[in-house]
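To start, the structure itself, in structure tokens.
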Amino acid sequence: MSINFKHLSKAGGRIMDRLSNPSAAAVKHSAKEQAKALPEFLRPDLPILDVSKRFKGPRQWQFLPGDRVVIMNGSCRGNIAHITRHDTATNGFLLDDNGPTKTVAVPKDFWAEGQTTHVVNIPVLLQKKDLRLVADIEDPAEPGKLKTVAVENITYKGQYYDENYKKMMPYRCVFGNPDLIIPWPKPEPAEDGNLTTDSEIAREQTFWVDSIVRGSIPDAAFETIRNPHSKFRRGKITPSDIKKLVAPKMPLTETKKAYLAEQKMLHERPKETLTEEDKVLIGNKVIQFLKEKESKNGTTISTQ
């Protein structure tokens with residue numbers, strides 16, 4: 001939830017604009033102070049970047065875990081190592097044992113399994129400019145043999161569906177020689193969890209549409225897939241809408257008040273009930289009426 005103080009004062013608006021669009025010096029100072037607050041074994045070797053400056057995909061990373069790279073700068077210059085992991089906060093790369101490391105003291109609460117000492121060597125983050133991709137290409141001098149070379153620059157041409165990554169991936173080519181394609185490394189297989197469904201079972205069709213008029217989702221299931229409190233949900237009338245749709249209550253006239261009071265009095269008046277004497281009296285009146293009618297028409301009426 002964003003907080004905006006522009007409606008309170010112009011100074012508050014300036015402060016919010018400054019926080020939402022910090023200067024380069026403010027970002028650098030914030031990263032420096034944030035690094036100071038971390039212990040040495042958790043402190044990143046590269047400055048923490050803003051979210052907008054972090055790499056988003058393989059085109060920007062260029063190297064993925066599993067790639068072989070050669071180190072161009074530092075104490076391990078010339079070593080060939082494998083990339084083990086990306087550090088998304090700094091756009092850095094972590095290498096295997098052939099890469100640079102540093103010695104730090106780790107508290108016992110953060111020890112890894114099998115660790116026996118406080119002092120350990122951890123890998124140092126390297127930037128993309130300090131690495132060059134290593135590939136095996138065919139040696140033009142000796143056909144049929146491969147030679148290991150370091151690729152100076154990488155370019156991309158088209159894309160294809162990679163079965164290993166289960167998504168579209170760009171073709172990684174050598175700059176100046178687009179026909180020389182360097183394949184992406186195969187990721188390490190991930191173990192299936194308890195809730196994982198086999199791909200063959202997931203592709204099996206178990207539902208068929210039998211009507212284009214009736215929805216396939218039961219009404220009771222909509223609460224689990226939609227937010228019932230969303231402001232974008234249609235068909236939900238808010239109290240303000242009801243206030244706009246309902247006309248205001250008009251004052252009653254004296255005649256209307258008198259009529260309502262009379263109806264209320266009649267409704268509250270106790271209802272009369274027939275007693276046994278009343279029932280006998282009504283029966284005698286009916287018999288007398290029928291006898292008078294009999295004497296006029298000459299018919300006989302039974303009083304049983």
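FYI, nothing fancy with the structure tokens labels: chains A, B, ... in order, residues from 1 per chain, ligands from 1 as they appear.
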Selection: 10 Å around Lys108 of chain A, only C-alpha atoms, excl. self and same-chain fewer than 6 positions, as a list in words: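 Selected residues are Gln115, Thr116, Thr117 and His118 of chain A.
Neighbours of Leu49 of chain A closer than or equal to 9 Å, with only C-alpha atoms counted and sequence neighbours fewer than 4 positions away skipped, come out as Val27, Lys28, Ala31, Lys53, Arg54, Thr88, Ala89, Thr90 and Asn91 of chain A.
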Please return, as a PyMOL selection string, all residues of segment 119-263 of chain A that DSSP assigns to strand (DSSP E or B) on the basis of the backbone. chain A and resi 119-123+126+131-138+146-151+154-162+167-174+177-181
Hey, what's within 12 Å of segment 104-107 of chain A if we count only C-alpha atoms and toss same-chain stuff fewer than 3 positions away? As an MDAnalysis selection string, please? chainID A and resid 39:43 101 110:112 115:124
Write out as a count of residues only all residues of segment 36-174 of chain A that backbone DSSP assigns to helix (DSSP H, G or I). 14
Mind giving me the straight-line distance from atom CA of Pro270 of chain A to atom CA of Lys256 of chain A in Å, one decimal?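 Rounded to one decimal, the two atoms are 23.7 Å apart.
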Could you work out how far atom CA of Glu138 of chain A lies from atom CA of Asp179 of chain A, giving the answer in Å with one decimal?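 We find that atom CA of Asp179 of chain A and atom CA of Glu138 of chain A lie 12.7 Å from each other.
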With a cut-off of 12 Å, could you pull out the residues of segment 81-133 of chain A touching segment 183-194 of chain A and give me the nearest pair of atoms for each, distance in Å to one decimal, using only C-alpha atoms, ordered by chain and ascending number, as CSV?
residue,atom,partner,partner_atom,distance
A:His82,CA,A:Pro185,CA,10.5
A:Ile83,CA,A:Pro185,CA,10.2
A:Thr84,CA,A:Glu188,CA,10.3
A:Arg85,CA,A:Pro187,CA,11.1
A:Leu133,CA,A:Trp184,CA,11.1
Export, as a short mmCIF file (atom, residue, chain, number, x, y, z; two decimals), in the first residue's frame, the selected residues with N, CA and C atoms.
data_model
loop_
_atom_site.label_atom_id
_atom_site.label_comp_id
_atom_site.auth_asym_id
_atom_site.auth_seq_id
_atom_site.Cartn_x
_atom_site.Cartn_y
_atom_site.Cartn_z
N HIS A 82 33.35 -23.17 -13.36
CA HIS A 82 31.94 -23.33 -13.69
C HIS A 82 31.10 -22.37 -12.83
N ILE A 83 30.09 -21.79 -13.42
CA ILE A 83 29.16 -20.93 -12.69
C ILE A 83 28.20 -21.82 -11.91
N THR A 84 28.07 -21.55 -10.62
CA THR A 84 27.20 -22.35 -9.76
C THR A 84 25.88 -21.66 -9.43
N ARG A 85 25.91 -20.32 -9.35
CA ARG A 85 24.67 -19.63 -8.94
C ARG A 85 24.73 -18.17 -9.33
N LEU A 133 32.98 -16.40 -21.73
CA LEU A 133 32.42 -17.72 -21.93
C LEU A 133 33.44 -18.63 -22.62
#
Contacts of Lys32 of chain A at 12 Å (only C-alpha atoms; same-chain gap of 3+ positions) as JSON, numbers by chain: {"A": [25, 26, 27, 28, 29, 35, 36, 37, 38, 43, 44, 45, 46, 47, 48, 49]}
The selected residues should be written to file as a PDB file, in the first residue's frame (atoms: N, CA, C and O atoms).
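Everything below was put into selection_16.pdb:
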ATOM      1  N   ALA A  25      23.648   9.147  -5.845  1.00  0.00           N
ATOM      2  CA  ALA A  25      24.402   9.251  -4.594  1.00  0.00           C
ATOM      3  C   ALA A  25      23.612   8.663  -3.425  1.00  0.00           C
ATOM      4  O   ALA A  25      24.177   7.996  -2.548  1.00  0.00           O
ATOM      5  N   ALA A  26      22.269   8.887  -3.420  1.00  0.00           N
ATOM      6  CA  ALA A  26      21.457   8.337  -2.332  1.00  0.00           C
ATOM      7  C   ALA A  26      21.403   6.814  -2.395  1.00  0.00           C
ATOM      8  O   ALA A  26      21.444   6.134  -1.364  1.00  0.00           O
ATOM      9  N   VAL A  27      21.312   6.265  -3.596  1.00  0.00           N
ATOM     10  CA  VAL A  27      21.298   4.806  -3.743  1.00  0.00           C
ATOM     11  C   VAL A  27      22.617   4.197  -3.283  1.00  0.00           C
ATOM     12  O   VAL A  27      22.651   3.181  -2.584  1.00  0.00           O
ATOM     13  N   LYS A  28      23.732   4.842  -3.650  1.00  0.00           N
ATOM     14  CA  LYS A  28      25.043   4.347  -3.246  1.00  0.00           C
ATOM     15  C   LYS A  28      25.212   4.411  -1.736  1.00  0.00           C
ATOM     16  O   LYS A  28      25.736   3.482  -1.110  1.00  0.00           O
ATOM     17  N   HIS A  29      24.755   5.507  -1.125  1.00  0.00           N
ATOM     18  CA  HIS A  29      24.872   5.651   0.332  1.00  0.00           C
ATOM     19  C   HIS A  29      23.996   4.624   1.041  1.00  0.00           C
ATOM     20  O   HIS A  29      24.414   4.032   2.053  1.00  0.00           O
ATOM     21  N   ALA A  35      25.150  -2.525   3.745  1.00  0.00           N
ATOM     22  CA  ALA A  35      26.247  -3.482   3.830  1.00  0.00           C
ATOM     23  C   ALA A  35      26.912  -3.446   5.203  1.00  0.00           C
ATOM     24  O   ALA A  35      27.362  -4.470   5.715  1.00  0.00           O
ATOM     25  N   LYS A  36      26.995  -2.260   5.810  1.00  0.00           N
ATOM     26  CA  LYS A  36      27.601  -2.147   7.136  1.00  0.00           C
ATOM     27  C   LYS A  36      26.795  -2.902   8.188  1.00  0.00           C
ATOM     28  O   LYS A  36      27.357  -3.402   9.169  1.00  0.00           O
ATOM     29  N   ALA A  37      25.492  -2.985   7.991  1.00  0.00           N
ATOM     30  CA  ALA A  37      24.642  -3.633   8.989  1.00  0.00           C
ATOM     31  C   ALA A  37      24.734  -5.152   8.940  1.00  0.00           C
ATOM     32  O   ALA A  37      24.256  -5.826   9.856  1.00  0.00           O
ATOM     33  N   LEU A  38      25.340  -5.711   7.894  1.00  0.00           N
ATOM     34  CA  LEU A  38      25.439  -7.161   7.749  1.00  0.00           C
ATOM     35  C   LEU A  38      26.776  -7.656   8.270  1.00  0.00           C
ATOM     36  O   LEU A  38      27.781  -6.955   8.162  1.00  0.00           O
ATOM     37  N   ARG A  43      28.015 -10.230   4.028  1.00  0.00           N
ATOM     38  CA  ARG A  43      28.153  -8.965   3.321  1.00  0.00           C
ATOM     39  C   ARG A  43      28.484  -9.230   1.854  1.00  0.00           C
ATOM     40  O   ARG A  43      29.429  -9.957   1.533  1.00  0.00           O
ATOM     41  N   PRO A  44      27.719  -8.682   0.905  1.00  0.00           N
ATOM     42  CA  PRO A  44      28.003  -8.926  -0.517  1.00  0.00           C
ATOM     43  C   PRO A  44      29.260  -8.200  -0.962  1.00  0.00           C
ATOM     44  O   PRO A  44      29.605  -7.130  -0.458  1.00  0.00           O
ATOM     45  N   ASP A  45      29.954  -8.825  -1.927  1.00  0.00           N
ATOM     46  CA  ASP A  45      31.180  -8.214  -2.450  1.00  0.00           C
ATOM     47  C   ASP A  45      30.878  -7.110  -3.457  1.00  0.00           C
ATOM     48  O   ASP A  45      31.741  -6.275  -3.735  1.00  0.00           O
ATOM     49  N   LEU A  46      29.675  -7.097  -4.010  1.00  0.00           N
ATOM     50  CA  LEU A  46      29.266  -6.090  -4.984  1.00  0.00           C
ATOM     51  C   LEU A  46      28.140  -5.265  -4.392  1.00  0.00           C
ATOM     52  O   LEU A  46      27.388  -5.743  -3.530  1.00  0.00           O
ATOM     53  N   PRO A  47      27.978  -4.033  -4.823  1.00  0.00           N
ATOM     54  CA  PRO A  47      26.894  -3.201  -4.279  1.00  0.00           C
ATOM     55  C   PRO A  47      25.520  -3.739  -4.671  1.00  0.00           C
ATOM     56  O   PRO A  47      25.330  -4.266  -5.775  1.00  0.00           O
ATOM     57  N   ILE A  48      24.579  -3.612  -3.749  1.00  0.00           N
ATOM     58  CA  ILE A  48      23.204  -4.048  -4.010  1.00  0.00           C
ATOM     59  C   ILE A  48      22.551  -3.050  -4.955  1.00  0.00           C
ATOM     60  O   ILE A  48      22.560  -1.832  -4.711  1.00  0.00           O
ATOM     61  N   LEU A  49      21.970  -3.549  -6.031  1.00  0.00           N
ATOM     62  CA  LEU A  49      21.408  -2.706  -7.081  1.00  0.00           C
ATOM     63  C   LEU A  49      19.928  -2.460  -6.859  1.00  0.00           C
ATOM     64  O   LEU A  49      19.234  -3.222  -6.167  1.00  0.00           O
TER      65      LEU A  49
END
